[in-house]
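S.K.: Enclosed is the structure file work-v4.csv (CSV, C-alpha atoms and all ligand atoms).
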chain,number,residue,atom,x,y,z
A,1,MET,CA,-0.8,14.6,8.9
A,2,LYS,CA,-1.1,11.4,11.0
A,3,TYR,CA,1.7,10.4,13.4
A,4,SER,CA,2.0,7.0,14.8
A,5,VAL,CA,4.8,5.9,17.1
A,6,SER,CA,6.5,4.0,14.2
A,7,SER,CA,6.5,7.1,12.0
A,8,LEU,CA,7.9,9.3,14.7
A,9,ASN,CA,10.5,6.6,15.4
A,10,LEU,CA,11.5,6.7,11.8
A,11,TYR,CA,12.1,10.4,12.1
A,12,ARG,CA,14.0,10.0,15.4
A,13,ASP,CA,16.3,7.5,13.7
A,14,CYS,CA,16.9,9.5,10.6
A,15,PRO,CA,14.8,12.3,8.9
A,16,GLN,CA,16.0,11.1,5.5
A,17,LYS,CA,14.5,7.6,6.2
A,18,PHE,CA,11.2,9.2,7.3
A,19,TYR,CA,11.1,11.3,4.2
A,20,ARG,CA,11.5,8.3,1.9
A,21,ALA,CA,9.1,6.1,3.8
A,22,LYS,CA,6.4,8.6,4.8
A,23,ILE,CA,6.5,11.6,2.4
A,24,LYS,CA,7.7,10.1,-0.8
A,25,LYS,CA,6.5,6.6,0.0
A,26,HIS,CA,9.4,4.9,-1.7
A,27,PRO,CA,9.1,1.1,-1.8
A,28,PRO,CA,11.9,-0.6,0.1
A,29,ASP,CA,15.1,-1.2,-1.9
A,30,GLU,CA,14.9,-4.9,-1.2
A,31,VAL,CA,12.2,-7.3,-0.1
A,32,SER,CA,12.9,-7.6,3.6
A,33,ASP,CA,13.0,-10.9,5.6
A,34,ARG,CA,10.0,-11.0,7.8
A,35,PHE,CA,11.0,-13.9,10.0
A,36,TYR,CA,10.9,-11.9,13.3
A,37,ALA,CA,7.9,-9.9,12.4
A,38,ILE,CA,5.9,-13.0,11.6
A,39,TYR,CA,6.5,-14.5,15.0
A,40,GLY,CA,5.4,-11.3,16.7
A,41,ILE,CA,2.3,-10.9,14.6
A,42,VAL,CA,1.2,-14.5,15.1
A,43,VAL,CA,1.6,-14.5,18.8
A,44,GLN,CA,0.0,-11.1,19.2
A,45,LYS,CA,-3.0,-12.4,17.2
A,46,VAL,CA,-3.4,-15.3,19.6
A,47,PHE,CA,-3.5,-13.1,22.6
A,48,GLU,CA,-5.6,-10.4,21.0
A,49,ILE,CA,-8.3,-13.0,20.6
A,50,PHE,CA,-7.6,-14.4,24.1
A,51,TYR,CA,-8.5,-11.0,25.6
A,52,ASN,CA,-11.1,-9.7,23.2
A,53,GLU,CA,-13.1,-12.9,23.3
A,54,GLN,CA,-12.5,-13.6,27.0
A,55,CYS,CA,-11.1,-17.0,26.2
A,56,TRP,CA,-10.1,-17.7,29.8
A,57,LEU,CA,-13.7,-18.6,30.3
A,58,MET,CA,-13.4,-21.5,27.8
A,59,LYS,CA,-11.6,-23.8,30.3
A,60,GLY,CA,-10.7,-27.2,28.6
A,61,ASN,CA,-11.2,-25.9,25.0
A,62,LEU,CA,-8.8,-23.0,25.5
A,63,LEU,CA,-5.6,-24.5,24.2
A,64,PRO,CA,-7.0,-26.2,21.1
A,65,TYR,CA,-8.8,-23.0,20.2
A,66,LEU,CA,-5.7,-20.8,20.6
A,67,LYS,CA,-3.6,-23.3,18.6
A,68,GLU,CA,-6.1,-23.1,15.8
A,69,ILE,CA,-5.8,-19.3,15.7
A,70,CYS,CA,-2.0,-19.6,15.7
A,71,ARG,CA,-2.0,-22.1,12.9
A,72,LYS,CA,-4.4,-20.1,10.7
A,73,GLU,CA,-2.5,-16.8,11.2
A,74,PHE,CA,0.8,-18.5,10.6
A,75,ALA,CA,-0.4,-20.1,7.3
A,76,SER,CA,-2.0,-16.9,6.1
A,77,LEU,CA,1.2,-14.8,6.7
A,78,LEU,CA,3.4,-17.3,5.0
A,79,LYS,CA,1.4,-16.8,1.8
A,80,THR,CA,2.2,-13.1,1.7
A,81,GLU,CA,5.4,-12.5,3.6
A,82,TYR,CA,9.0,-13.3,2.6
A,83,VAL,CA,11.2,-15.5,4.8
A,84,ASP,CA,14.9,-16.3,4.1
A,85,TRP,CA,14.7,-19.8,5.4
A,86,ASN,CA,18.4,-20.5,4.7
A,87,LYS,CA,19.4,-17.6,6.9
A,88,HIS,CA,17.4,-18.8,9.9
A,89,LYS,CA,18.2,-22.5,9.5
A,90,LEU,CA,14.7,-23.5,10.4
A,91,SER,CA,12.0,-25.3,8.5
A,92,PRO,CA,8.5,-23.7,8.3
A,93,GLN,CA,7.3,-26.4,10.6
A,94,GLN,CA,10.0,-25.7,13.2
A,95,PHE,CA,9.2,-22.0,13.0
A,96,TYR,CA,5.5,-22.7,13.5
A,97,GLN,CA,6.3,-24.8,16.5
A,98,GLU,CA,8.2,-21.8,18.0
A,99,CYS,CA,5.1,-19.7,17.6
A,100,GLU,CA,2.9,-22.4,19.1
A,101,ASP,CA,5.2,-22.8,22.1
A,102,ALA,CA,4.7,-19.1,22.8
A,103,ILE,CA,1.1,-19.8,23.7
A,104,LEU,CA,1.9,-21.8,26.8
A,105,VAL,CA,4.7,-19.5,27.7
A,106,GLY,CA,2.4,-16.4,27.3
A,107,LEU,CA,-0.4,-18.0,29.3
A,108,GLY,CA,2.1,-18.7,32.1
A,109,ALA,CA,3.2,-15.0,32.1
A,110,ILE,CA,-0.5,-13.9,32.2
A,111,LYS,CA,-1.1,-16.1,35.2
A,112,GLN,CA,2.0,-15.1,37.0
A,113,GLU,CA,1.5,-11.4,36.5
A,114,LYS,CA,-2.3,-11.6,37.1
A,115,LEU,CA,-3.0,-9.9,33.8
A,116,LEU,CA,-6.7,-10.4,34.0
A,117,ALA,CA,-8.3,-7.1,35.0
A,118,PRO,CA,-12.1,-6.3,34.9
A,119,TYR,CA,-11.2,-4.4,31.7
A,120,ALA,CA,-8.6,-6.3,29.7
A,121,LYS,CA,-8.6,-5.5,26.0
A,122,SER,CA,-6.1,-5.9,23.2
A,123,GLU,CA,-5.4,-4.0,19.9
A,124,ILE,CA,-7.1,-0.8,21.0
A,125,TRP,CA,-6.9,2.2,18.6
A,126,LEU,CA,-6.4,5.6,20.3
A,127,HIS,CA,-6.4,9.0,18.4
A,128,HIS,CA,-5.9,12.6,19.4
A,129,THR,CA,-6.1,15.7,17.2
A,130,LEU,CA,-3.6,18.4,18.1
A,131,ASP,CA,-4.3,22.1,18.0
A,132,SER,CA,-2.1,22.2,14.9
A,133,GLY,CA,-4.5,19.8,13.2
A,134,HIS,CA,-2.0,16.9,13.2
A,135,ILE,CA,-3.3,13.6,14.5
A,136,LEU,CA,-1.5,11.3,16.9
A,137,ASN,CA,-2.7,7.7,16.7
A,138,GLY,CA,-1.6,4.4,18.0
A,139,ARG,CA,-2.8,0.8,18.4
A,140,VAL,CA,-2.1,-0.4,21.9
A,141,ASP,CA,-1.4,-4.1,22.3
A,142,PHE,CA,-2.9,-4.4,25.8
A,143,ILE,CA,-4.8,-2.2,28.2
A,144,PHE,CA,-5.6,-3.5,31.7
A,145,LYS,CA,-7.9,-1.4,33.9
A,146,TYR,CA,-8.0,-2.7,37.5
A,147,SER,CA,-9.8,0.5,38.6
A,148,ASP,CA,-10.3,4.0,37.3
A,149,LYS,CA,-6.8,5.0,38.6
A,150,ASP,CA,-5.0,1.7,38.2
A,151,VAL,CA,-4.4,1.4,34.4
A,152,TRP,CA,-1.6,-0.7,32.9
A,153,ILE,CA,-0.4,-0.5,29.3
A,154,LEU,CA,1.6,-3.4,27.9
A,155,ASP,CA,3.2,-4.1,24.5
A,156,GLY,CA,4.0,-7.6,23.3
A,157,LYS,CA,7.5,-8.2,21.8
A,158,GLY,CA,8.7,-11.3,19.9
A,159,THR,CA,12.3,-10.1,20.0
A,160,SER,CA,15.2,-12.3,21.1
A,161,SER,CA,16.4,-9.6,23.5
A,162,GLN,CA,14.6,-7.8,26.3
A,163,ASN,CA,15.6,-4.2,25.9
A,164,ALA,CA,12.8,-2.6,23.9
A,165,ASP,CA,12.7,1.2,23.7
A,166,LYS,CA,10.2,2.6,26.3
A,167,TRP,CA,9.5,5.6,24.0
A,168,GLN,CA,6.7,3.6,22.5
A,169,LEU,CA,5.0,2.9,25.8
A,170,TYR,CA,5.3,6.6,26.8
A,171,PHE,CA,3.5,7.5,23.5
A,172,TYR,CA,0.6,5.1,24.3
A,173,ALA,CA,0.4,6.5,27.9
A,174,LEU,CA,0.2,10.0,26.4
A,175,LEU,CA,-2.6,9.0,24.0
A,176,TYR,CA,-4.5,7.3,26.8
A,177,TYR,CA,-4.1,10.4,28.9
A,178,LEU,CA,-5.2,12.7,26.1
A,179,ASN,CA,-8.3,10.5,25.6
A,180,TYR,CA,-9.4,9.7,29.1
A,181,GLY,CA,-7.6,12.3,31.4
A,182,VAL,CA,-5.9,9.5,33.4
A,183,ILE,CA,-2.2,8.8,33.3
A,184,PRO,CA,-1.6,5.0,33.3
A,185,ASN,CA,0.4,4.0,36.3
A,186,LYS,CA,2.3,1.0,34.9
A,187,LEU,CA,3.9,0.6,31.5
A,188,GLY,CA,5.7,-2.6,30.4
A,189,PHE,CA,6.6,-5.1,27.7
A,190,ILE,CA,5.6,-8.8,27.5
A,191,TYR,CA,8.5,-10.7,26.0
A,192,TRP,CA,6.8,-13.7,24.4
A,193,ARG,CA,10.0,-15.7,23.8
A,194,PHE,CA,10.9,-15.5,27.5
A,195,GLY,CA,7.5,-15.4,29.1
A,196,THR,CA,8.5,-12.3,31.1
A,197,VAL,CA,6.8,-9.1,31.8
A,198,LYS,CA,9.1,-6.1,32.4
A,199,PHE,CA,7.8,-2.8,33.6
A,200,VAL,CA,9.7,0.3,32.6
A,201,LYS,CA,10.5,3.2,34.9
A,202,PHE,CA,7.7,5.8,34.6
A,203,LYS,CA,6.4,8.6,36.7
A,204,PRO,CA,3.3,10.7,35.9
A,205,GLU,CA,5.6,13.8,35.7
A,206,ASP,CA,7.5,12.2,32.9
A,207,LEU,CA,4.6,12.7,30.6
A,208,LYS,CA,4.7,16.5,30.2
A,209,PRO,CA,8.4,16.6,28.9
A,210,PHE,CA,7.6,13.6,26.7
A,211,TYR,CA,4.6,15.4,25.2
A,212,GLU,CA,6.8,18.5,24.5
A,213,GLU,CA,9.3,16.3,22.8
A,214,VAL,CA,6.6,14.8,20.5
A,215,LEU,CA,5.4,18.3,19.7
A,216,GLN,CA,8.9,19.5,18.9
A,217,ILE,CA,9.5,16.6,16.5
A,218,ILE,CA,6.2,17.4,14.7
A,219,GLU,CA,7.2,21.1,14.5
A,220,GLN,CA,10.6,20.1,13.2
A,221,ILE,CA,9.0,17.9,10.5
A,222,ALA,CA,6.9,20.9,9.4
A,223,VAL,CA,10.2,22.9,9.0
A,224,ASN,CA,11.7,20.1,6.9
A,225,VAL,CA,8.6,20.0,4.7
A,226,LYS,CA,8.9,23.8,4.2
A,227,THR,CA,12.7,23.8,3.5
A,228,ARG,CA,12.6,20.5,1.7
A,229,LYS,CA,15.7,19.4,3.6
A,230,TRP,CA,15.8,16.0,5.2
A,231,PRO,CA,19.2,15.4,6.7
A,232,ALA,CA,20.5,11.8,7.0
A,233,ASN,CA,21.7,10.6,10.3
A,234,PRO,CA,24.0,7.6,9.9
A,235,PRO,CA,24.6,5.2,11.5
A,236,LYS,CA,21.6,5.5,13.9
A,237,GLY,CA,18.7,3.6,12.3
A,238,CYS,CA,20.8,2.3,9.3
A,239,PHE,CA,20.9,-1.4,10.5
A,240,PHE,CA,17.2,-1.9,9.9
A,241,CYS,CA,16.8,0.7,7.1
A,242,ASP,CA,15.0,-0.4,3.9
A,243,TYR,CA,16.9,2.2,1.9
A,244,LYS,CA,20.4,1.3,2.9
A,245,PRO,CA,21.4,-0.2,-0.6
A,246,SER,CA,20.7,3.1,-2.3
A,247,CYS,CA,21.6,5.6,0.5
A,248,VAL,CA,24.5,7.8,-0.5
A,249,ASP,CA,24.9,9.2,3.0
A,250,TYR,CA,25.3,5.7,4.4
A,251,ARG,CA,28.0,5.0,1.8
A,252,ILE,CA,29.8,8.2,2.7
A,253,TYR,CA,29.6,7.3,6.3
A,254,LYS,CA,31.1,3.8,5.6
A,255,ARG,CA,33.8,5.3,3.5
A,256,ASP,CA,34.8,7.8,6.1
A,257,LYS,CA,34.8,5.2,8.8
A,258,ARG,CA,37.0,2.9,6.8
A,259,ALA,CA,39.3,5.8,6.1
A,260,ALA,CA,39.6,6.7,9.8
A,261,LYS,CA,40.5,3.0,10.5
A,262,LEU,CA,43.4,3.2,7.9
A,263,ASP,CA,44.6,6.5,9.4
A,264,GLY,CA,48.1,6.1,10.8
A,265,ASP,CA,48.7,2.9,8.9
A,266,PRO,CA,52.1,3.5,7.1
A,267,LEU,CA,50.9,1.5,4.1
A,268,PHE,CA,48.2,4.1,3.3
A,269,GLU,CA,50.0,7.4,4.0
A,270,GLY,CA,49.3,10.6,2.1
A,271,GLY,CA,47.3,10.6,-1.2
A,272,VAL,CA,47.6,6.9,-1.7
A,273,LYS,CA,45.3,6.2,1.3
A,274,LYS,CA,42.5,8.6,0.1
A,275,GLY,CA,42.5,7.3,-3.4
A,276,PHE,CA,42.6,3.7,-2.3
A,277,VAL,CA,39.7,4.2,0.2
A,278,ASP,CA,37.5,5.9,-2.4
A,279,GLU,CA,38.0,3.1,-4.8
A,280,VAL,CA,37.5,0.2,-2.5
A,281,SER,CA,34.6,1.6,-0.4
A,282,PHE,CA,32.1,1.3,-3.2
A,301,LIG,S1,20.6,4.1,5.4
A,301,LIG,FE1,20.9,5.2,7.3
A,301,LIG,S2,21.3,7.3,6.7
A,301,LIG,FE2,20.4,6.3,4.9
A,301,LIG,S3,18.3,6.7,5.0
A,301,LIG,FE3,18.6,4.8,6.1
A,301,LIG,S4,18.8,5.4,8.2
A,301,LIG,FE4,19.1,7.2,7.0
Please express what this file holds, its structure, as structure tokens.
M.R.:
Amino acid sequence: MKYSVSSLNLYRDCPQKFYRAKIKKHPPDEVSDRFYAIYGIVVQKVFEIFYNEQCWLMKGNLLPYLKEICRKEFASLLKTEYVDWNKHKLSPQQFYQECEDAILVGLGAIKQEKLLAPYAKSEIWLHHTLDSGHILNGRVDFIFKYSDKDVWILDGKGTSSQNADKWQLYFYALLYYLNYGVIPNKLGFIYWRFGTVKFVKFKPEDLKPFYEEVLQIIEQIAVNVKTRKWPANPPKGCFFCDYKPSCVDYRIYKRDKRAAKLDGDPLFEGGVKKGFVDEVSF
């Protein structure tokens, strides 16, 4: 079986969610709003080309070229992805402008953080086959190699907060090490909306326990496959879960939470409370 960081994260959030998405391959209960994803994909595409085509050598033509990539990527995504425009209170044109604005902000961050190494590539696939036959794979947003021992891994984020989970970066560092025998010395996120680069705390000795954690998760998944038991884990992971509308465990969680809130309220004492909660929670 192949494991990417996103599939392992599904499992970390909730084994039931992992089962439905990766084992049973259930389609999502609802078509999800892709507003935030589109922003991230468009900006990432611009900077993927910036690095892989060495666009910094273009001088005066750079900005029009990057804007053209931005425009084409945005137009193509809008043809296939769903956006709830009412919810975001933005027109497609205004949203496009946000994406285009990220180009200058991103170029500013690249200049400030000197993200132009002799080896500077984007969207690099890394794979590793474990002794168990399972495969770890990941597509790294950016790798900068300043020398054999000075390697940075960065991931671009289009989020409106700057607190992404560093687990993803550790996973890429592990893959890099398993492929090249070198542990990257800097891991960080580029937050496109803010034009900031934030490095996470990471020491080479962090990698071994992390690797053990990944192997443990994979072993646990094998146990779940064997026993056919996939426990749910509400509320962790429920907020962004595609299966929330049909998830019985989530409903039970909500019902119990509501019941706990009513506990102690004289209006809902004894049997009245339980019956009432069961009725109104669904
Ligand atoms: S709604 Fe919550 S409990 Fe249900 S599958 Fe999704 S993450 Fe798991």
S.K.: Hey, can you check how far CA of Phe142 (chain A) sits from CA of Glu73 (chain A)?
M.R.: 19.2 Å
S.K.: Output the neighbourhood of ligand LIG 301 (chain A) as a count of residues only, that is, all protein and nucleic acid residues with some atom at most 10 Å from the ligand, counting only C-alpha atoms and all ligand atoms.
M.R.: 36
S.K.: Could you list, with a cut-off of 12 Å and counting only C-alpha atoms, the residues of region 129-220 of chain A near region 52-58 of chain A, each shown with its nearest atom pair and the distance in Å rounded to one decimal, rows sorted by chain and ascending number, as CSV?
M.R.:
residue,atom,partner,partner_atom,distance
A:Asp141,CA,A:Asn52,CA,11.2
A:Phe142,CA,A:Asn52,CA,10.1
A:Ile143,CA,A:Asn52,CA,11.0
A:Phe144,CA,A:Asn52,CA,11.9
S.K.: CA of Tyr146 (chain A) and CA of Ala117 (chain A) are how many Å apart?
M.R.: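 Going from CA of Tyr146 (chain A) over to CA of Ala117 (chain A), I get 5.1 Å.
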S.K.: Rounded to one decimal place, report the CA of Arg139 (chain A)-CA of Asp155 (chain A) distance in Å.
M.R.: 9.9 Å
S.K.: Have a look at A:Val46, A:Ile23, A:Ala37, A:Met1 and name the one nearest to Thr159 (chain A); count all atoms listed in the file.
M.R.: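 Checking each of A:Val46, A:Ile23, A:Ala37, A:Met1 against Thr159 (chain A), counting all atoms listed in the file, the winner is A:Ala37.
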S.K.: My list of candidates is A:Ala102, A:Leu175, A:Val151, A:Leu116. Which is closest to Leu63 (chain A) when distances are computed with only C-alpha atoms?
M.R.: A:Ala102
S.K.: Can you tell me which residues surround Leu78 (chain A) at a distance of at most 12 Å, considering only C-alpha atoms, apart from same-chain residues fewer than 5 positions away, and format the answer as a PDB file with C-alpha atoms, keeping the file's coordinate frame?
M.R.:
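Result saved to out.pdb:
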ATOM      1  CA  ASP A  33      13.000 -10.900   5.600  1.00  0.00           C
ATOM      2  CA  ARG A  34      10.000 -11.000   7.800  1.00  0.00           C
ATOM      3  CA  PHE A  35      11.000 -13.900  10.000  1.00  0.00           C
ATOM      4  CA  ALA A  37       7.900  -9.900  12.400  1.00  0.00           C
ATOM      5  CA  ILE A  38       5.900 -13.000  11.600  1.00  0.00           C
ATOM      6  CA  TYR A  39       6.500 -14.500  15.000  1.00  0.00           C
ATOM      7  CA  ILE A  41       2.300 -10.900  14.600  1.00  0.00           C
ATOM      8  CA  VAL A  42       1.200 -14.500  15.100  1.00  0.00           C
ATOM      9  CA  ARG A  71      -2.000 -22.100  12.900  1.00  0.00           C
ATOM     10  CA  LYS A  72      -4.400 -20.100  10.700  1.00  0.00           C
ATOM     11  CA  GLU A  73      -2.500 -16.800  11.200  1.00  0.00           C
ATOM     12  CA  VAL A  83      11.200 -15.500   4.800  1.00  0.00           C
ATOM     13  CA  ASP A  84      14.900 -16.300   4.100  1.00  0.00           C
ATOM     14  CA  TRP A  85      14.700 -19.800   5.400  1.00  0.00           C
ATOM     15  CA  PRO A  92       8.500 -23.700   8.300  1.00  0.00           C
ATOM     16  CA  GLN A  93       7.300 -26.400  10.600  1.00  0.00           C
ATOM     17  CA  PHE A  95       9.200 -22.000  13.000  1.00  0.00           C
ATOM     18  CA  TYR A  96       5.500 -22.700  13.500  1.00  0.00           C
TER      19      TYR A  96
END
S.K.: Please provide the set of residues having any atom within 8 Å of Leu207 (chain A), restricted to all atoms listed in the file, with same-chain residues fewer than 4 positions apart removed, written as a short mmCIF file (atom, residue, chain, number, x, y, z; two decimals) with C-alpha atoms, in the frame of the given file.
M.R.:
data_model
loop_
_atom_site.label_atom_id
_atom_site.label_comp_id
_atom_site.auth_asym_id
_atom_site.auth_seq_id
_atom_site.Cartn_x
_atom_site.Cartn_y
_atom_site.Cartn_z
CA TYR A 170 5.30 6.60 26.80
CA ALA A 173 0.40 6.50 27.90
CA LEU A 174 0.20 10.00 26.40
CA LYS A 203 6.40 8.60 36.70
CA TYR A 211 4.60 15.40 25.20
#
S.K.: Take the point (12.5, -12.6, 24.8) in the file's coordinates, draw a sphere of radius 8 Å around it, and report as a list in words every protein, DNA or RNA residue with an atom inside or on it, counting only C-alpha atoms.
M.R.: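 The residues that fall inside the cut-off are Lys157, Gly158, Thr159, Ser160, Ser161, Gln162, Tyr191, Trp192, Arg193, Phe194, Gly195 and Thr196 of chain A.
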S.K.: Counting all atoms listed in the file, figure out which residue out of A:Pro28, A:Gly188, A:Gly181, A:Pro209 gets nearest to Lys166 (chain A).
M.R.: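 Closest residue, counting all atoms listed in the file: A:Gly188.
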S.K.: Which residues come within 12 Å of Asp148 (chain A), counting all atoms listed in the file, excluding same-chain residues fewer than 6 positions away, as number ranges by chain?
M.R.: A: 117-119, 180-185
S.K.: Could you rebuild region 91-116 of chain A with N, CA and C atoms and give it back as a PDB file, in the frame of the given file?
M.R.:
ATOM      1  N   SER A  91      13.011 -24.966   9.457  1.00  0.00           N
ATOM      2  CA  SER A  91      12.000 -25.300   8.500  1.00  0.00           C
ATOM      3  C   SER A  91      10.714 -24.506   8.858  1.00  0.00           C
ATOM      4  N   PRO A  92       9.765 -24.316   7.923  1.00  0.00           N
ATOM      5  CA  PRO A  92       8.500 -23.700   8.300  1.00  0.00           C
ATOM      6  C   PRO A  92       7.833 -24.366   9.475  1.00  0.00           C
ATOM      7  N   GLN A  93       7.915 -25.697   9.500  1.00  0.00           N
ATOM      8  CA  GLN A  93       7.300 -26.400  10.600  1.00  0.00           C
ATOM      9  C   GLN A  93       7.930 -26.126  11.943  1.00  0.00           C
ATOM     10  N   GLN A  94       9.267 -26.065  11.926  1.00  0.00           N
ATOM     11  CA  GLN A  94      10.000 -25.700  13.200  1.00  0.00           C
ATOM     12  C   GLN A  94       9.641 -24.322  13.645  1.00  0.00           C
ATOM     13  N   PHE A  95       9.554 -23.436  12.660  1.00  0.00           N
ATOM     14  CA  PHE A  95       9.200 -22.000  13.000  1.00  0.00           C
ATOM     15  C   PHE A  95       7.813 -21.961  13.564  1.00  0.00           C
ATOM     16  N   TYR A  96       6.893 -22.716  12.942  1.00  0.00           N
ATOM     17  CA  TYR A  96       5.500 -22.700  13.500  1.00  0.00           C
ATOM     18  C   TYR A  96       5.511 -23.195  14.909  1.00  0.00           C
ATOM     19  N   GLN A  97       6.313 -24.251  15.176  1.00  0.00           N
ATOM     20  CA  GLN A  97       6.300 -24.800  16.500  1.00  0.00           C
ATOM     21  C   GLN A  97       6.795 -23.740  17.537  1.00  0.00           C
ATOM     22  N   GLU A  98       7.765 -22.906  17.125  1.00  0.00           N
ATOM     23  CA  GLU A  98       8.200 -21.800  18.000  1.00  0.00           C
ATOM     24  C   GLU A  98       7.048 -20.897  18.367  1.00  0.00           C
ATOM     25  N   CYS A  99       6.230 -20.588  17.345  1.00  0.00           N
ATOM     26  CA  CYS A  99       5.100 -19.700  17.600  1.00  0.00           C
ATOM     27  C   CYS A  99       4.092 -20.381  18.524  1.00  0.00           C
ATOM     28  N   GLU A 100       3.850 -21.656  18.267  1.00  0.00           N
ATOM     29  CA  GLU A 100       2.900 -22.400  19.100  1.00  0.00           C
ATOM     30  C   GLU A 100       3.363 -22.486  20.543  1.00  0.00           C
ATOM     31  N   ASP A 101       4.661 -22.717  20.696  1.00  0.00           N
ATOM     32  CA  ASP A 101       5.200 -22.800  22.100  1.00  0.00           C
ATOM     33  C   ASP A 101       4.984 -21.534  22.858  1.00  0.00           C
ATOM     34  N   ALA A 102       4.924 -20.412  22.140  1.00  0.00           N
ATOM     35  CA  ALA A 102       4.700 -19.100  22.800  1.00  0.00           C
ATOM     36  C   ALA A 102       3.375 -19.030  23.505  1.00  0.00           C
ATOM     37  N   ILE A 103       2.424 -19.865  23.074  1.00  0.00           N
ATOM     38  CA  ILE A 103       1.100 -19.800  23.700  1.00  0.00           C
ATOM     39  C   ILE A 103       1.162 -20.177  25.159  1.00  0.00           C
ATOM     40  N   LEU A 104       1.778 -21.327  25.417  1.00  0.00           N
ATOM     41  CA  LEU A 104       1.900 -21.800  26.800  1.00  0.00           C
ATOM     42  C   LEU A 104       2.732 -20.833  27.652  1.00  0.00           C
ATOM     43  N   VAL A 105       3.814 -20.376  27.015  1.00  0.00           N
ATOM     44  CA  VAL A 105       4.700 -19.500  27.700  1.00  0.00           C
ATOM     45  C   VAL A 105       3.933 -18.165  28.078  1.00  0.00           C
ATOM     46  N   GLY A 106       3.171 -17.656  27.099  1.00  0.00           N
ATOM     47  CA  GLY A 106       2.400 -16.400  27.300  1.00  0.00           C
ATOM     48  C   GLY A 106       1.317 -16.618  28.370  1.00  0.00           C
ATOM     49  N   LEU A 107       0.634 -17.766  28.330  1.00  0.00           N
ATOM     50  CA  LEU A 107      -0.400 -18.000  29.300  1.00  0.00           C
ATOM     51  C   LEU A 107       0.205 -18.078  30.739  1.00  0.00           C
ATOM     52  N   GLY A 108       1.403 -18.635  30.812  1.00  0.00           N
ATOM     53  CA  GLY A 108       2.100 -18.700  32.100  1.00  0.00           C
ATOM     54  C   GLY A 108       2.401 -17.287  32.620  1.00  0.00           C
ATOM     55  N   ALA A 109       2.838 -16.410  31.715  1.00  0.00           N
ATOM     56  CA  ALA A 109       3.200 -15.000  32.100  1.00  0.00           C
ATOM     57  C   ALA A 109       1.884 -14.299  32.571  1.00  0.00           C
ATOM     58  N   ILE A 110       0.793 -14.533  31.867  1.00  0.00           N
ATOM     59  CA  ILE A 110      -0.500 -13.900  32.200  1.00  0.00           C
ATOM     60  C   ILE A 110      -0.919 -14.302  33.631  1.00  0.00           C
ATOM     61  N   LYS A 111      -0.741 -15.603  33.896  1.00  0.00           N
ATOM     62  CA  LYS A 111      -1.100 -16.100  35.200  1.00  0.00           C
ATOM     63  C   LYS A 111      -0.227 -15.532  36.301  1.00  0.00           C
ATOM     64  N   GLN A 112       1.058 -15.584  36.034  1.00  0.00           N
ATOM     65  CA  GLN A 112       2.000 -15.100  37.000  1.00  0.00           C
ATOM     66  C   GLN A 112       1.843 -13.643  37.369  1.00  0.00           C
ATOM     67  N   GLU A 113       1.626 -12.838  36.324  1.00  0.00           N
ATOM     68  CA  GLU A 113       1.500 -11.400  36.500  1.00  0.00           C
ATOM     69  C   GLU A 113       0.085 -10.932  36.792  1.00  0.00           C
ATOM     70  N   LYS A 114      -0.826 -11.885  36.831  1.00  0.00           N
ATOM     71  CA  LYS A 114      -2.300 -11.600  37.100  1.00  0.00           C
ATOM     72  C   LYS A 114      -2.792 -10.556  36.095  1.00  0.00           C
ATOM     73  N   LEU A 115      -2.571 -10.831  34.808  1.00  0.00           N
ATOM     74  CA  LEU A 115      -3.000  -9.900  33.800  1.00  0.00           C
ATOM     75  C   LEU A 115      -4.441 -10.169  33.342  1.00  0.00           C
ATOM     76  N   LEU A 116      -5.327 -10.200  34.314  1.00  0.00           N
ATOM     77  CA  LEU A 116      -6.700 -10.400  34.000  1.00  0.00           C
ATOM     78  C   LEU A 116      -7.544  -9.354  34.822  1.00  0.00           C
TER      79      LEU A 116
END
